[in-house]
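Colleague: Input structure: target39.tsv, which contains TSV, C-alpha atoms.
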chain	number	residue	atom	x	y	z
E	1	MET	CA	9.01	-42.03	-12.45
E	2	HIS	CA	6.86	-39.11	-11.35
E	3	GLU	CA	3.82	-41.41	-11.40
E	4	MET	CA	4.74	-42.44	-7.84
E	5	SER	CA	4.56	-38.80	-6.74
E	6	ILE	CA	1.14	-38.60	-8.34
E	7	VAL	CA	-0.09	-41.68	-6.49
E	8	MET	CA	1.28	-40.30	-3.23
E	9	SER	CA	-0.41	-36.98	-3.86
E	10	ILE	CA	-3.74	-38.78	-4.39
E	11	MET	CA	-3.23	-40.76	-1.18
E	12	GLU	CA	-2.54	-37.59	0.76
E	13	THR	CA	-5.76	-35.97	-0.48
E	14	VAL	CA	-7.88	-39.07	0.13
E	15	GLU	CA	-6.48	-39.62	3.60
E	16	LYS	CA	-7.22	-36.02	4.51
E	17	GLU	CA	-10.77	-36.32	3.17
E	18	CYS	CA	-11.34	-39.58	5.08
E	19	ARG	CA	-10.36	-37.92	8.33
E	20	LYS	CA	-12.74	-35.09	7.55
E	21	GLN	CA	-15.57	-37.51	6.78
E	22	GLN	CA	-14.56	-39.83	9.64
E	23	ALA	CA	-14.63	-42.62	7.07
E	24	ASP	CA	-13.10	-46.05	7.54
E	25	GLU	CA	-12.91	-47.28	3.97
E	26	VAL	CA	-12.74	-45.95	0.46
E	27	GLU	CA	-15.00	-47.99	-1.77
E	28	SER	CA	-14.05	-46.35	-5.04
E	29	ILE	CA	-12.15	-43.45	-6.54
E	30	GLU	CA	-12.65	-41.78	-9.90
E	31	LEU	CA	-9.83	-39.93	-11.61
E	32	ASP	CA	-9.44	-37.89	-14.78
E	33	ILE	CA	-6.05	-38.45	-16.36
E	34	GLY	CA	-5.84	-36.64	-19.68
E	35	MET	CA	-4.38	-38.38	-22.71
E	36	ILE	CA	-1.49	-35.90	-22.84
E	37	SER	CA	-1.18	-35.18	-19.12
E	38	GLY	CA	2.33	-36.59	-19.06
E	39	VAL	CA	1.33	-39.67	-17.09
E	40	GLU	CA	2.43	-43.05	-18.41
E	41	MET	CA	-0.43	-45.39	-17.50
E	42	GLU	CA	1.68	-48.52	-17.19
E	43	ALA	CA	3.93	-46.72	-14.73
E	44	PHE	CA	0.88	-45.29	-12.97
E	45	TYR	CA	-0.69	-48.73	-12.38
E	46	PHE	CA	2.61	-50.05	-11.15
E	47	ALA	CA	2.95	-47.09	-8.79
E	48	TRP	CA	-0.67	-47.47	-7.70
E	49	ASP	CA	-0.21	-51.08	-6.65
E	50	ALA	CA	3.08	-50.42	-4.91
E	51	GLY	CA	2.05	-47.12	-3.35
E	52	THR	CA	-1.40	-48.07	-2.06
E	53	ALA	CA	-0.40	-51.45	-0.61
E	54	LYS	CA	-1.33	-51.61	3.07
E	55	SER	CA	-3.03	-48.23	2.84
E	56	ILE	CA	-6.63	-47.09	2.93
E	57	LEU	CA	-6.67	-47.37	-0.86
E	58	GLN	CA	-5.47	-50.94	-1.03
E	59	LYS	CA	-8.89	-52.44	-1.81
E	60	THR	CA	-10.39	-49.40	-3.49
E	61	THR	CA	-11.91	-49.73	-6.94
E	62	LEU	CA	-10.02	-47.46	-9.27
E	63	LYS	CA	-11.89	-45.79	-12.10
E	64	ILE	CA	-9.93	-43.73	-14.58
E	65	ASN	CA	-11.40	-41.48	-17.27
E	66	ARG	CA	-9.07	-40.48	-20.09
E	67	PRO	CA	-10.19	-37.13	-21.52
E	68	PRO	CA	-8.90	-36.93	-25.10
E	69	ALA	CA	-6.44	-34.33	-26.30
E	70	LYS	CA	-8.20	-31.46	-28.03
E	71	ALA	CA	-6.43	-28.75	-29.94
E	72	GLU	CA	-7.48	-25.48	-31.51
E	73	CYS	CA	-5.92	-24.16	-34.68
E	74	THR	CA	-4.39	-20.72	-34.18
E	75	VAL	CA	-5.08	-19.83	-37.83
E	76	CYS	CA	-8.52	-21.14	-38.83
E	77	GLY	CA	-9.89	-21.76	-35.34
E	78	LYS	CA	-10.86	-25.38	-35.96
E	79	THR	CA	-10.98	-27.57	-32.86
E	80	PHE	CA	-10.04	-31.20	-33.32
E	81	ILE	CA	-9.07	-34.36	-31.42
E	82	ALA	CA	-5.28	-34.56	-31.40
E	83	GLN	CA	-3.11	-37.64	-31.11
E	84	SER	CA	-0.17	-35.74	-29.70
E	85	SER	CA	0.61	-32.28	-28.39
E	86	PHE	CA	2.07	-31.25	-31.76
E	87	ASP	CA	-0.55	-32.27	-34.33
E	88	ALA	CA	-1.02	-29.99	-37.32
E	89	CYS	CA	-4.51	-28.67	-38.08
E	90	PRO	CA	-6.37	-31.25	-40.20
E	91	GLU	CA	-8.26	-28.42	-41.93
E	92	CYS	CA	-5.59	-25.94	-42.98
E	93	GLY	CA	-2.34	-27.74	-42.14
E	94	ASN	CA	-1.11	-25.07	-39.71
E	95	PRO	CA	1.45	-26.83	-37.46
E	96	PHE	CA	1.04	-24.40	-34.56
E	97	CYS	CA	-2.07	-25.36	-32.63
E	98	SER	CA	-2.99	-24.75	-29.01
E	99	ILE	CA	-3.89	-27.61	-26.72
E	100	ILE	CA	-7.24	-26.92	-25.06
E	101	SER	CA	-7.79	-30.17	-23.15
E	102	GLY	CA	-6.23	-33.53	-22.46
E	103	LYS	CA	-3.87	-32.39	-19.72
E	104	GLU	CA	-6.33	-33.08	-16.88
E	105	LEU	CA	-5.01	-34.56	-13.64
E	106	ARG	CA	-7.99	-34.54	-11.33
E	107	ILE	CA	-9.62	-36.50	-8.54
E	108	LYS	CA	-13.29	-36.44	-9.54
E	109	ARG	CA	-14.89	-38.15	-6.58
E	110	ILE	CA	-14.43	-40.77	-3.92
E	111	VAL	CA	-17.02	-42.99	-2.29
E	112	VAL	CA	-16.24	-43.47	1.39
E	113	ILE	CA	-17.76	-45.84	3.92
E	114	LYS	CA	-18.32	-45.13	7.56
E	115	ASN	CA	-18.79	-48.28	9.58
U	1	MET	CA	11.04	-45.90	2.29
U	2	CYS	CA	8.79	-43.09	1.16
U	3	MET	CA	7.93	-43.70	-2.47
U	4	THR	CA	7.37	-40.04	-3.31
U	5	CYS	CA	10.95	-39.05	-3.29
U	6	GLY	CA	12.92	-41.96	-1.94
U	7	CYS	CA	13.35	-40.41	1.48
U	8	GLY	CA	13.25	-42.91	4.30
U	9	ASN	CA	14.54	-43.70	7.70
U	10	THR	CA	18.06	-44.26	6.53
U	11	THR	CA	19.90	-41.02	6.04
U	12	GLU	CA	21.39	-41.98	2.66
U	13	ASN	CA	17.91	-41.94	1.12
U	14	ASN	CA	16.87	-38.60	2.55
U	15	ILE	CA	16.45	-35.41	0.65
U	16	LEU	CA	19.20	-33.07	1.64
U	17	ILE	CA	19.10	-29.30	1.40
U	18	ALA	CA	22.32	-27.59	2.40
U	19	LYS	CA	24.97	-25.06	1.55
U	20	PRO	CA	28.17	-26.58	0.16
U	21	GLY	CA	30.62	-27.51	2.89
U	22	LYS	CA	27.93	-27.44	5.53
U	23	ILE	CA	26.64	-30.96	5.68
U	24	ASN	CA	26.02	-32.09	9.21
U	25	PRO	CA	23.71	-34.53	10.98
U	26	GLU	CA	21.27	-31.71	11.63
U	27	GLU	CA	20.88	-31.18	7.88
U	28	LEU	CA	20.32	-34.86	7.32
U	29	SER	CA	17.35	-34.95	9.61
U	30	ILE	CA	15.50	-32.08	7.91
U	31	MET	CA	13.48	-34.10	5.52
U	32	GLN	CA	12.72	-37.04	7.76
U	33	GLU	CA	9.38	-35.61	8.79
U	34	ARG	CA	8.55	-34.88	5.18
U	35	HIS	CA	5.61	-37.19	4.76
U	36	PRO	CA	4.27	-37.85	8.24
U	37	GLU	CA	0.75	-38.38	6.97
U	38	GLN	CA	1.79	-41.19	4.72
U	39	THR	CA	3.73	-42.93	7.43
U	40	HIS	CA	0.71	-42.56	9.64
U	41	LEU	CA	-1.44	-44.04	6.96
U	42	HIS	CA	0.75	-47.08	6.53
U	43	HIS	CA	0.91	-47.83	10.22
U	44	HIS	CA	-2.57	-47.24	11.46
U	45	HIS	CA	-4.75	-49.19	9.17
U	46	HIS	CA	-6.05	-52.47	10.40
U	47	ASP	CA	-8.24	-54.44	8.02
U	48	GLN	CA	-9.47	-56.53	10.91
U	49	GLU	CA	-11.06	-53.58	12.60
U	50	MET	CA	-12.98	-52.76	9.49
U	51	HIS	CA	-14.27	-56.30	9.09
U	52	GLN	CA	-15.45	-56.43	12.68
U	53	HIS	CA	-17.72	-53.53	11.98
U	54	THR	CA	-19.29	-54.75	8.78
U	55	ALA	CA	-22.20	-56.23	10.70
U	56	HIS	CA	-23.30	-52.73	11.69
U	57	THR	CA	-24.99	-50.29	9.36
U	58	GLN	CA	-22.61	-48.74	6.90
U	59	ALA	CA	-22.95	-45.17	5.78
U	60	LYS	CA	-21.80	-44.54	2.25
U	61	THR	CA	-20.89	-41.03	1.18
U	62	VAL	CA	-19.99	-39.79	-2.28
U	63	VAL	CA	-17.50	-36.96	-1.99
U	64	GLU	CA	-17.28	-34.84	-5.13
U	65	LEU	CA	-13.71	-33.69	-4.84
U	66	GLU	CA	-13.05	-32.24	-8.31
U	67	GLN	CA	-9.57	-31.49	-7.09
U	68	ASP	CA	-6.31	-31.27	-8.98
U	69	ILE	CA	-4.18	-34.29	-8.16
U	70	LEU	CA	-1.12	-32.09	-7.74
U	71	GLN	CA	-2.98	-29.54	-5.65
U	72	SER	CA	-0.62	-29.58	-2.68
U	73	ASN	CA	2.37	-29.00	-4.96
U	74	ASN	CA	0.51	-26.25	-6.79
U	75	LEU	CA	-0.48	-24.52	-3.55
U	76	MET	CA	3.07	-24.49	-2.28
U	77	ALA	CA	4.22	-23.25	-5.69
U	78	MET	CA	1.81	-20.35	-5.34
U	79	GLN	CA	3.27	-19.60	-1.93
U	80	ASN	CA	6.77	-19.54	-3.42
U	81	ARG	CA	5.52	-17.31	-6.23
U	82	GLY	CA	4.10	-14.92	-3.64
U	83	PHE	CA	7.45	-14.82	-1.88
U	84	PHE	CA	9.22	-13.98	-5.16
U	85	GLU	CA	6.64	-11.32	-5.95
U	86	ALA	CA	6.92	-9.68	-2.54
U	87	LYS	CA	10.69	-9.51	-2.80
U	88	ASN	CA	10.62	-8.46	-6.45
U	89	ILE	CA	12.64	-11.55	-7.36
U	90	LEU	CA	12.81	-13.02	-10.84
U	91	ALA	CA	12.83	-16.82	-10.45
U	92	LEU	CA	13.88	-19.11	-13.30
U	93	ASN	CA	13.53	-22.89	-13.42
U	94	MET	CA	16.08	-24.56	-15.72
U	95	VAL	CA	15.18	-27.99	-17.03
U	96	SER	CA	16.94	-30.34	-19.46
U	97	SER	CA	18.21	-33.86	-19.89
U	98	PRO	CA	21.40	-34.66	-18.00
U	99	GLY	CA	24.43	-33.31	-19.87
U	100	SER	CA	22.80	-30.52	-21.88
U	101	GLY	CA	24.99	-28.00	-20.12
U	102	LYS	CA	22.69	-26.42	-17.55
U	103	THR	CA	25.46	-25.92	-15.04
U	104	SER	CA	27.92	-24.60	-17.64
U	105	PHE	CA	25.28	-22.20	-18.95
U	106	LEU	CA	24.65	-21.07	-15.40
U	107	GLU	CA	28.37	-20.70	-14.60
U	108	LYS	CA	28.95	-18.59	-17.70
U	109	THR	CA	25.96	-16.38	-16.90
U	110	LEU	CA	26.94	-15.89	-13.27
U	111	SER	CA	30.57	-15.07	-14.13
U	112	ASP	CA	29.74	-12.65	-16.94
U	113	LEU	CA	27.05	-10.80	-15.00
U	114	LYS	CA	28.89	-10.76	-11.69
U	115	GLY	CA	28.44	-7.40	-10.01
U	116	LYS	CA	25.66	-6.45	-12.46
U	117	ILE	CA	22.82	-8.69	-11.28
U	118	PRO	CA	22.57	-10.21	-7.79
U	119	PHE	CA	22.07	-13.95	-8.32
U	120	TYR	CA	21.11	-16.77	-5.98
U	121	VAL	CA	21.19	-20.40	-7.08
U	122	ILE	CA	19.31	-23.55	-6.07
U	123	GLU	CA	20.96	-26.68	-7.44
U	124	GLY	CA	18.99	-29.91	-7.78
U	125	ASP	CA	20.62	-33.31	-8.25
U	126	GLN	CA	19.96	-36.80	-7.00
U	127	GLN	CA	23.35	-36.96	-5.36
U	128	THR	CA	26.49	-34.92	-4.62
U	129	PHE	CA	27.39	-31.28	-4.01
U	130	GLN	CA	29.43	-31.09	-7.23
U	131	ASP	CA	27.27	-28.44	-8.90
U	132	ALA	CA	26.92	-26.28	-5.78
U	133	GLN	CA	30.72	-26.33	-5.43
U	134	ARG	CA	31.08	-25.08	-9.00
U	135	ILE	CA	28.68	-22.21	-8.31
U	136	LYS	CA	30.27	-21.39	-4.96
U	137	ILE	CA	33.66	-20.88	-6.66
U	138	ILE	CA	32.12	-18.04	-8.68
U	139	GLY	CA	31.03	-16.44	-5.42
U	140	THR	CA	27.26	-16.79	-5.87
U	141	PRO	CA	25.19	-17.85	-2.84
U	142	VAL	CA	24.01	-21.39	-3.50
U	143	ILE	CA	21.95	-24.16	-1.94
U	144	GLN	CA	22.13	-27.77	-3.07
U	145	ILE	CA	19.11	-30.05	-2.97
U	146	ASN	CA	19.87	-33.76	-3.18
U	147	THR	CA	16.65	-35.57	-4.00
U	148	GLY	CA	17.99	-39.03	-3.15
U	149	HIS	CA	16.10	-41.21	-5.60
U	150	GLY	CA	13.68	-38.47	-6.58
U	151	CYS	CA	13.51	-37.58	-10.26
U	152	HIS	CA	12.40	-33.95	-9.96
U	153	LEU	CA	12.32	-30.95	-7.65
U	154	ASP	CA	8.98	-30.05	-6.10
U	155	SER	CA	7.65	-26.81	-4.65
U	156	ASP	CA	8.09	-27.98	-1.07
U	157	MET	CA	11.82	-28.55	-1.60
U	158	ILE	CA	12.12	-25.06	-3.10
U	159	HIS	CA	10.18	-23.61	-0.17
U	160	LYS	CA	12.63	-25.17	2.28
U	161	ALA	CA	15.66	-24.24	0.18
U	162	LEU	CA	14.53	-20.58	-0.01
U	163	LYS	CA	14.39	-20.39	3.77
U	164	LYS	CA	18.05	-21.37	3.92
U	165	LEU	CA	19.18	-19.39	0.90
U	166	GLU	CA	17.49	-16.14	1.95
U	167	PRO	CA	17.63	-14.44	-1.47
U	168	GLY	CA	17.72	-10.66	-1.36
U	169	GLU	CA	15.23	-8.22	-2.83
U	170	ASN	CA	15.44	-7.44	-6.56
U	171	SER	CA	17.61	-10.49	-7.16
U	172	VAL	CA	17.43	-13.33	-9.68
U	173	VAL	CA	16.96	-16.87	-8.34
U	174	MET	CA	18.16	-19.54	-10.74
U	175	ILE	CA	16.87	-23.04	-10.02
U	176	GLU	CA	18.69	-25.86	-11.76
U	177	ASN	CA	16.30	-28.80	-11.77
U	178	VAL	CA	17.31	-32.47	-11.72
U	179	GLY	CA	18.56	-33.49	-15.18
U	180	ASN	CA	15.46	-35.16	-16.58
U	181	LEU	CA	13.37	-34.13	-19.57
U	182	VAL	CA	10.23	-35.93	-18.39
U	183	CYS	CA	9.26	-35.70	-14.73
U	184	PRO	CA	10.01	-32.06	-13.82
U	185	ALA	CA	7.49	-30.92	-16.46
U	186	LEU	CA	4.53	-31.54	-14.18
U	187	PHE	CA	5.86	-29.84	-11.09
U	188	ASP	CA	5.39	-26.11	-10.75
U	189	LEU	CA	8.01	-24.70	-8.40
U	190	GLY	CA	6.57	-21.20	-8.31
U	191	GLU	CA	9.05	-19.92	-10.88
U	192	ASN	CA	8.28	-16.93	-13.11
U	193	ILE	CA	9.87	-18.44	-16.19
U	194	ARG	CA	10.76	-21.97	-17.20
U	195	ILE	CA	13.79	-22.48	-19.42
U	196	VAL	CA	14.27	-25.73	-21.29
U	197	LEU	CA	17.77	-26.38	-22.58
U	198	PHE	CA	18.91	-28.90	-25.11
U	199	SER	CA	22.19	-29.25	-26.88
U	200	VAL	CA	23.19	-29.89	-30.48
U	201	THR	CA	24.71	-33.23	-29.49
U	202	GLU	CA	21.27	-34.55	-28.52
U	203	GLY	CA	19.41	-34.53	-31.83
U	204	ASP	CA	17.09	-31.89	-33.22
U	205	ASP	CA	13.91	-33.94	-32.66
U	206	LYS	CA	14.12	-33.77	-28.84
U	207	PRO	CA	11.11	-31.39	-28.64
U	208	ILE	CA	8.68	-33.86	-30.21
U	209	LYS	CA	10.17	-36.81	-28.36
U	210	TYR	CA	9.63	-35.08	-25.02
U	211	PRO	CA	6.79	-32.67	-25.77
U	212	ASP	CA	5.52	-32.19	-22.20
U	213	MET	CA	8.64	-30.37	-21.12
U	214	PHE	CA	8.79	-28.15	-24.18
U	215	GLN	CA	5.13	-27.36	-23.82
U	216	SER	CA	5.53	-26.26	-20.22
U	217	ALA	CA	8.52	-23.99	-20.94
U	218	ASN	CA	8.66	-20.29	-21.88
U	219	ILE	CA	12.22	-20.15	-23.14
U	220	CYS	CA	14.23	-22.66	-25.17
U	221	VAL	CA	18.00	-22.51	-25.10
U	222	ILE	CA	19.90	-24.47	-27.73
U	223	ASN	CA	23.35	-25.00	-26.25
U	224	LYS	CA	26.76	-26.14	-27.55
U	225	ILE	CA	26.34	-24.42	-30.93
U	226	ASP	CA	30.16	-24.33	-31.20
U	227	LEU	CA	29.89	-28.06	-31.98
U	228	LEU	CA	27.49	-27.59	-34.91
U	229	PRO	CA	30.18	-28.26	-37.58
U	230	TYR	CA	30.80	-31.70	-36.09
U	231	VAL	CA	27.28	-32.99	-35.52
U	232	ASP	CA	24.22	-33.74	-37.61
U	233	PHE	CA	21.93	-31.15	-36.03
U	234	ASN	CA	19.69	-28.79	-37.94
U	235	VAL	CA	18.88	-25.69	-35.86
U	236	ASP	CA	15.92	-24.73	-38.05
U	237	ASN	CA	14.40	-28.19	-37.71
U	238	ALA	CA	14.93	-28.11	-33.96
U	239	LYS	CA	13.09	-24.81	-33.71
U	240	LYS	CA	10.34	-26.02	-36.02
U	241	TYR	CA	9.77	-29.10	-33.86
U	242	ALA	CA	9.77	-27.03	-30.69
U	243	MET	CA	7.31	-24.54	-32.20
U	244	GLN	CA	4.95	-27.37	-33.14
U	245	VAL	CA	4.78	-28.33	-29.49
U	246	ASN	CA	4.69	-24.77	-28.13
U	247	HIS	CA	4.49	-21.84	-30.51
U	248	HIS	CA	5.02	-19.33	-27.69
U	249	LEU	CA	8.63	-20.39	-27.13
U	250	LYS	CA	11.42	-17.86	-27.38
U	251	PHE	CA	14.80	-19.20	-28.52
U	252	PHE	CA	18.40	-18.52	-27.69
U	253	GLU	CA	21.22	-20.25	-29.56
U	254	VAL	CA	24.30	-20.26	-27.40
U	255	SER	CA	27.59	-21.84	-26.57
U	256	ALA	CA	28.19	-21.66	-22.84
U	257	THR	CA	31.80	-22.70	-23.54
U	258	THR	CA	32.78	-20.02	-26.08
U	259	GLY	CA	30.20	-17.43	-24.98
U	260	LYS	CA	28.67	-17.19	-28.45
U	261	GLY	CA	25.05	-15.98	-28.34
U	262	MET	CA	25.15	-15.36	-24.60
U	263	ASP	CA	24.77	-11.57	-25.02
U	264	GLN	CA	21.24	-11.92	-26.41
U	265	TRP	CA	20.33	-14.02	-23.41
U	266	TYR	CA	21.82	-11.43	-21.05
U	267	ASP	CA	19.89	-8.63	-22.75
U	268	TRP	CA	16.68	-10.59	-22.40
U	269	LEU	CA	17.40	-11.35	-18.73
U	270	LYS	CA	18.06	-7.67	-18.00
U	271	LYS	CA	14.81	-6.68	-19.70
U	272	GLU	CA	12.81	-9.28	-17.77
U	273	ARG	CA	14.31	-7.96	-14.56
U	274	ALA	CA	13.43	-4.41	-15.49
U	275	LYS	CA	9.83	-5.54	-16.08
U	276	LYS	CA	9.61	-6.64	-12.45
U	277	LYS	CA	10.22	-3.12	-11.22
Written as structure tokens, how would this file's structure read?
Modeller:
Amino acid sequence: MHEMSIVMSIMETVEKECRKQQADEVESIELDIGMISGVEMEAFYFAWDAGTAKSILQKTTLKINRPPAKAECTVCGKTFIAQSSFDACPECGNPFCSIISGKELRIKRIVVIKN
Amino acid sequence: MCMTCGCGNTTENNILIAKPGKINPEELSIMQERHPEQTHLHHHHHDQEMHQHTAHTQAKTVVELEQDILQSNNLMAMQNRGFFEAKNILALNMVSSPGSGKTSFLEKTLSDLKGKIPFYVIEGDQQTFQDAQRIKIIGTPVIQINTGHGCHLDSDMIHKALKKLEPGENSVVMIENVGNLVCPALFDLGENIRIVLFSVTEGDDKPIKYPDMFQSANICVINKIDLLPYVDFNVDNAKKYAMQVNHHLKFFEVSATTGKGMDQWYDWLKKERAKKK
């Protein structure tokens, strides 16, 4: 259940940023969690609720973008949307493709409020 | 209780980093200050205060962070990597499901290369000093990390363990991660090379069932090949699946019990070490 570590890592960053901004509340947070980032969303939401309870993020609106997995064929160079990290190239059938996106784990932005 | 790793105010939940046979109350208190910020955060927030102020003008700020969620782990991993680089150390992170034979593979390697390569070992488990004891018997300096309820090692634990282990220059540091084929994939420890092990008793489709780990690894060790006559495991299929996930993987087929295939692994290890010089 590494999703809890991820939530805690987000909290740490946000808390640090709030001190820097002298903010009192976090209105919203926007995250990029790639489709093949290794994060199980159900576990993430569970961890989010449990981890942010009674914290500065308790009432924060959570927005999550899910960048799709994109792969590039190492033979014909075709880039395509992949369903998993081991899809074969739909053009030439080569099974060995490189993942070029979909592993994002990023805090895009937060909106903080200073009272 | 801290939700990151299960460490809390009660000592039984704390992360423990110690040499075998040297557990004392001092050790138990090491990780208690691990997440002071989070504790702070939980204790010092009062909704009431915020509501009292809503009548005043509020200033809203959009902060474009564009920051990796695991940035603090990645930064500490870079620090560890710098330490290894400065001391000319080759650091390997071994990951697998529980029971694939990480410790046996390690024991065999340490015994066979004793006197040839200076090794240091960091053992990661949720509980017990069992593995560290096994390594200590061989005579290799070892530190055990008990993660409590934590499912993976992180770079901060390795940082603390290295301070206690004090690995020498030109040595090889072997890190045995917590047996788990999912969570440790995301956590860079600062290692030079990641080795994923799986054994012939587990099924040859492990790589596509747990692709994240195989994708993050550099080396794939297929262990327990002495049992191949008794199990339904196709080595070629296993490699094919692993290559689909990560076509950069290098394979070793070994039996840590009989020693079969271990020489190729030793040759590779020696070459990697030579590259560091």
Colleague: Compile a residue-level contact table for chain E against chain U at a cut-off of 6 Å, reporting for every qualifying residue the shortest atom pair and its distance in Å to one decimal, with all atoms listed in the file counted, rows ordered by chain and ascending number, as JSON lines.
Modeller:
{"residue": "E:His2", "atom": "CA", "partner": "U:Cys183", "partner_atom": "CA", "distance": 5.4}
{"residue": "E:Met4", "atom": "CA", "partner": "U:Thr4", "partner_atom": "CA", "distance": 5.8}
{"residue": "E:Ser5", "atom": "CA", "partner": "U:Thr4", "partner_atom": "CA", "distance": 4.6}
{"residue": "E:Ile10", "atom": "CA", "partner": "U:Ile69", "partner_atom": "CA", "distance": 5.9}
{"residue": "E:Ser55", "atom": "CA", "partner": "U:His42", "partner_atom": "CA", "distance": 5.4}
{"residue": "E:Ser85", "atom": "CA", "partner": "U:Val245", "partner_atom": "CA", "distance": 5.8}
{"residue": "E:Phe86", "atom": "CA", "partner": "U:Val245", "partner_atom": "CA", "distance": 4.6}
{"residue": "E:Pro95", "atom": "CA", "partner": "U:Gln244", "partner_atom": "CA", "distance": 5.6}
{"residue": "E:Phe96", "atom": "CA", "partner": "U:Gln244", "partner_atom": "CA", "distance": 5.1}
{"residue": "E:Leu105", "atom": "CA", "partner": "U:Ile69", "partner_atom": "CA", "distance": 5.5}
{"residue": "E:Arg106", "atom": "CA", "partner": "U:Asp68", "partner_atom": "CA", "distance": 4.4}
{"residue": "E:Ile107", "atom": "CA", "partner": "U:Gln67", "partner_atom": "CA", "distance": 5.2}
{"residue": "E:Lys108", "atom": "CA", "partner": "U:Glu66", "partner_atom": "CA", "distance": 4.4}
{"residue": "E:Arg109", "atom": "CA", "partner": "U:Glu64", "partner_atom": "CA", "distance": 4.3}
{"residue": "E:Ile110", "atom": "CA", "partner": "U:Val63", "partner_atom": "CA", "distance": 5.3}
{"residue": "E:Val111", "atom": "CA", "partner": "U:Val62", "partner_atom": "CA", "distance": 4.4}
{"residue": "E:Val112", "atom": "CA", "partner": "U:Thr61", "partner_atom": "CA", "distance": 5.3}
{"residue": "E:Ile113", "atom": "CA", "partner": "U:Lys60", "partner_atom": "CA", "distance": 4.6}
{"residue": "E:Lys114", "atom": "CA", "partner": "U:Ala59", "partner_atom": "CA", "distance": 5.0}
{"residue": "E:Asn115", "atom": "CA", "partner": "U:Gln58", "partner_atom": "CA", "distance": 4.7}
Colleague: Could you check which of E:Glu3, E:Cys92, E:Gly77, E:Glu15 is closest to Tyr45 of chain E, using all atoms listed in the file?
Modeller: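 Closest residue, counting all atoms listed in the file: E:Glu3.
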Colleague: Record the distance separating atom CA of Asp263 of chain U and atom CA of Lys239 of chain U, expressed in Å with one decimal.
Modeller: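 Here the two named atoms are 19.7 Å from each other.
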Colleague: Please indicate the distance in Å from atom CA of Arg273 of chain U to atom CA of Asn88 of chain U, rounded to one decimal place.
Modeller: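 Atom-to-atom, atom CA of Arg273 of chain U to atom CA of Asn88 of chain U, that is 8.9 Å.
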Colleague: Within 7 Å of (-12.9, -49.7, -1.7) in the file's own coordinates, which protein, DNA or RNA residues have an atom, counting all atoms listed in the file? List them as a PDB file with C-alpha atoms, keeping the file's coordinate frame.
Modeller:
ATOM      1  CA  GLU E  25     -12.910 -47.280   3.970  1.00  0.00           C
ATOM      2  CA  VAL E  26     -12.740 -45.950   0.460  1.00  0.00           C
ATOM      3  CA  GLU E  27     -15.000 -47.990  -1.770  1.00  0.00           C
ATOM      4  CA  SER E  28     -14.050 -46.350  -5.040  1.00  0.00           C
ATOM      5  CA  LEU E  57      -6.670 -47.370  -0.860  1.00  0.00           C
ATOM      6  CA  LYS E  59      -8.890 -52.440  -1.810  1.00  0.00           C
ATOM      7  CA  THR E  60     -10.390 -49.400  -3.490  1.00  0.00           C
ATOM      8  CA  THR E  61     -11.910 -49.730  -6.940  1.00  0.00           C
TER       9      THR E  61
END
Colleague: What gap, in Å, lies between atom CA of Tyr266 of chain U and atom CA of Arg81 of chain U?
Modeller: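 We find that atom CA of Tyr266 of chain U and atom CA of Arg81 of chain U lie 22.8 Å from each other.
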Colleague: How would you write as a PyMOL selection string the residues that get within 6 Å of (20.6, -32.8, -5.8) in the file's frame, counting all atoms listed in the file?
Modeller: chain U and resi 124-127+144-147
Colleague: Extract, using all atoms listed in the file, all DNA, RNA and protein residues at most 8 Å from Asn94 of chain E, discarding same-chain residues fewer than 2 positions from it, and format them as number ranges by chain.
Modeller: E: 73-75, 88-89, 92, 96-97
Colleague: Could you write out as JSON the box around segment 96-104 of chain E (axis-aligned, all atoms listed in the file, 6 Å on each side), with centre and edge lengths in Å to one decimal?
Modeller:
{"center_x": -3.4, "center_y": -29.0, "center_z": -25.7, "size_x": 20.8, "size_y": 21.1, "size_z": 29.7}
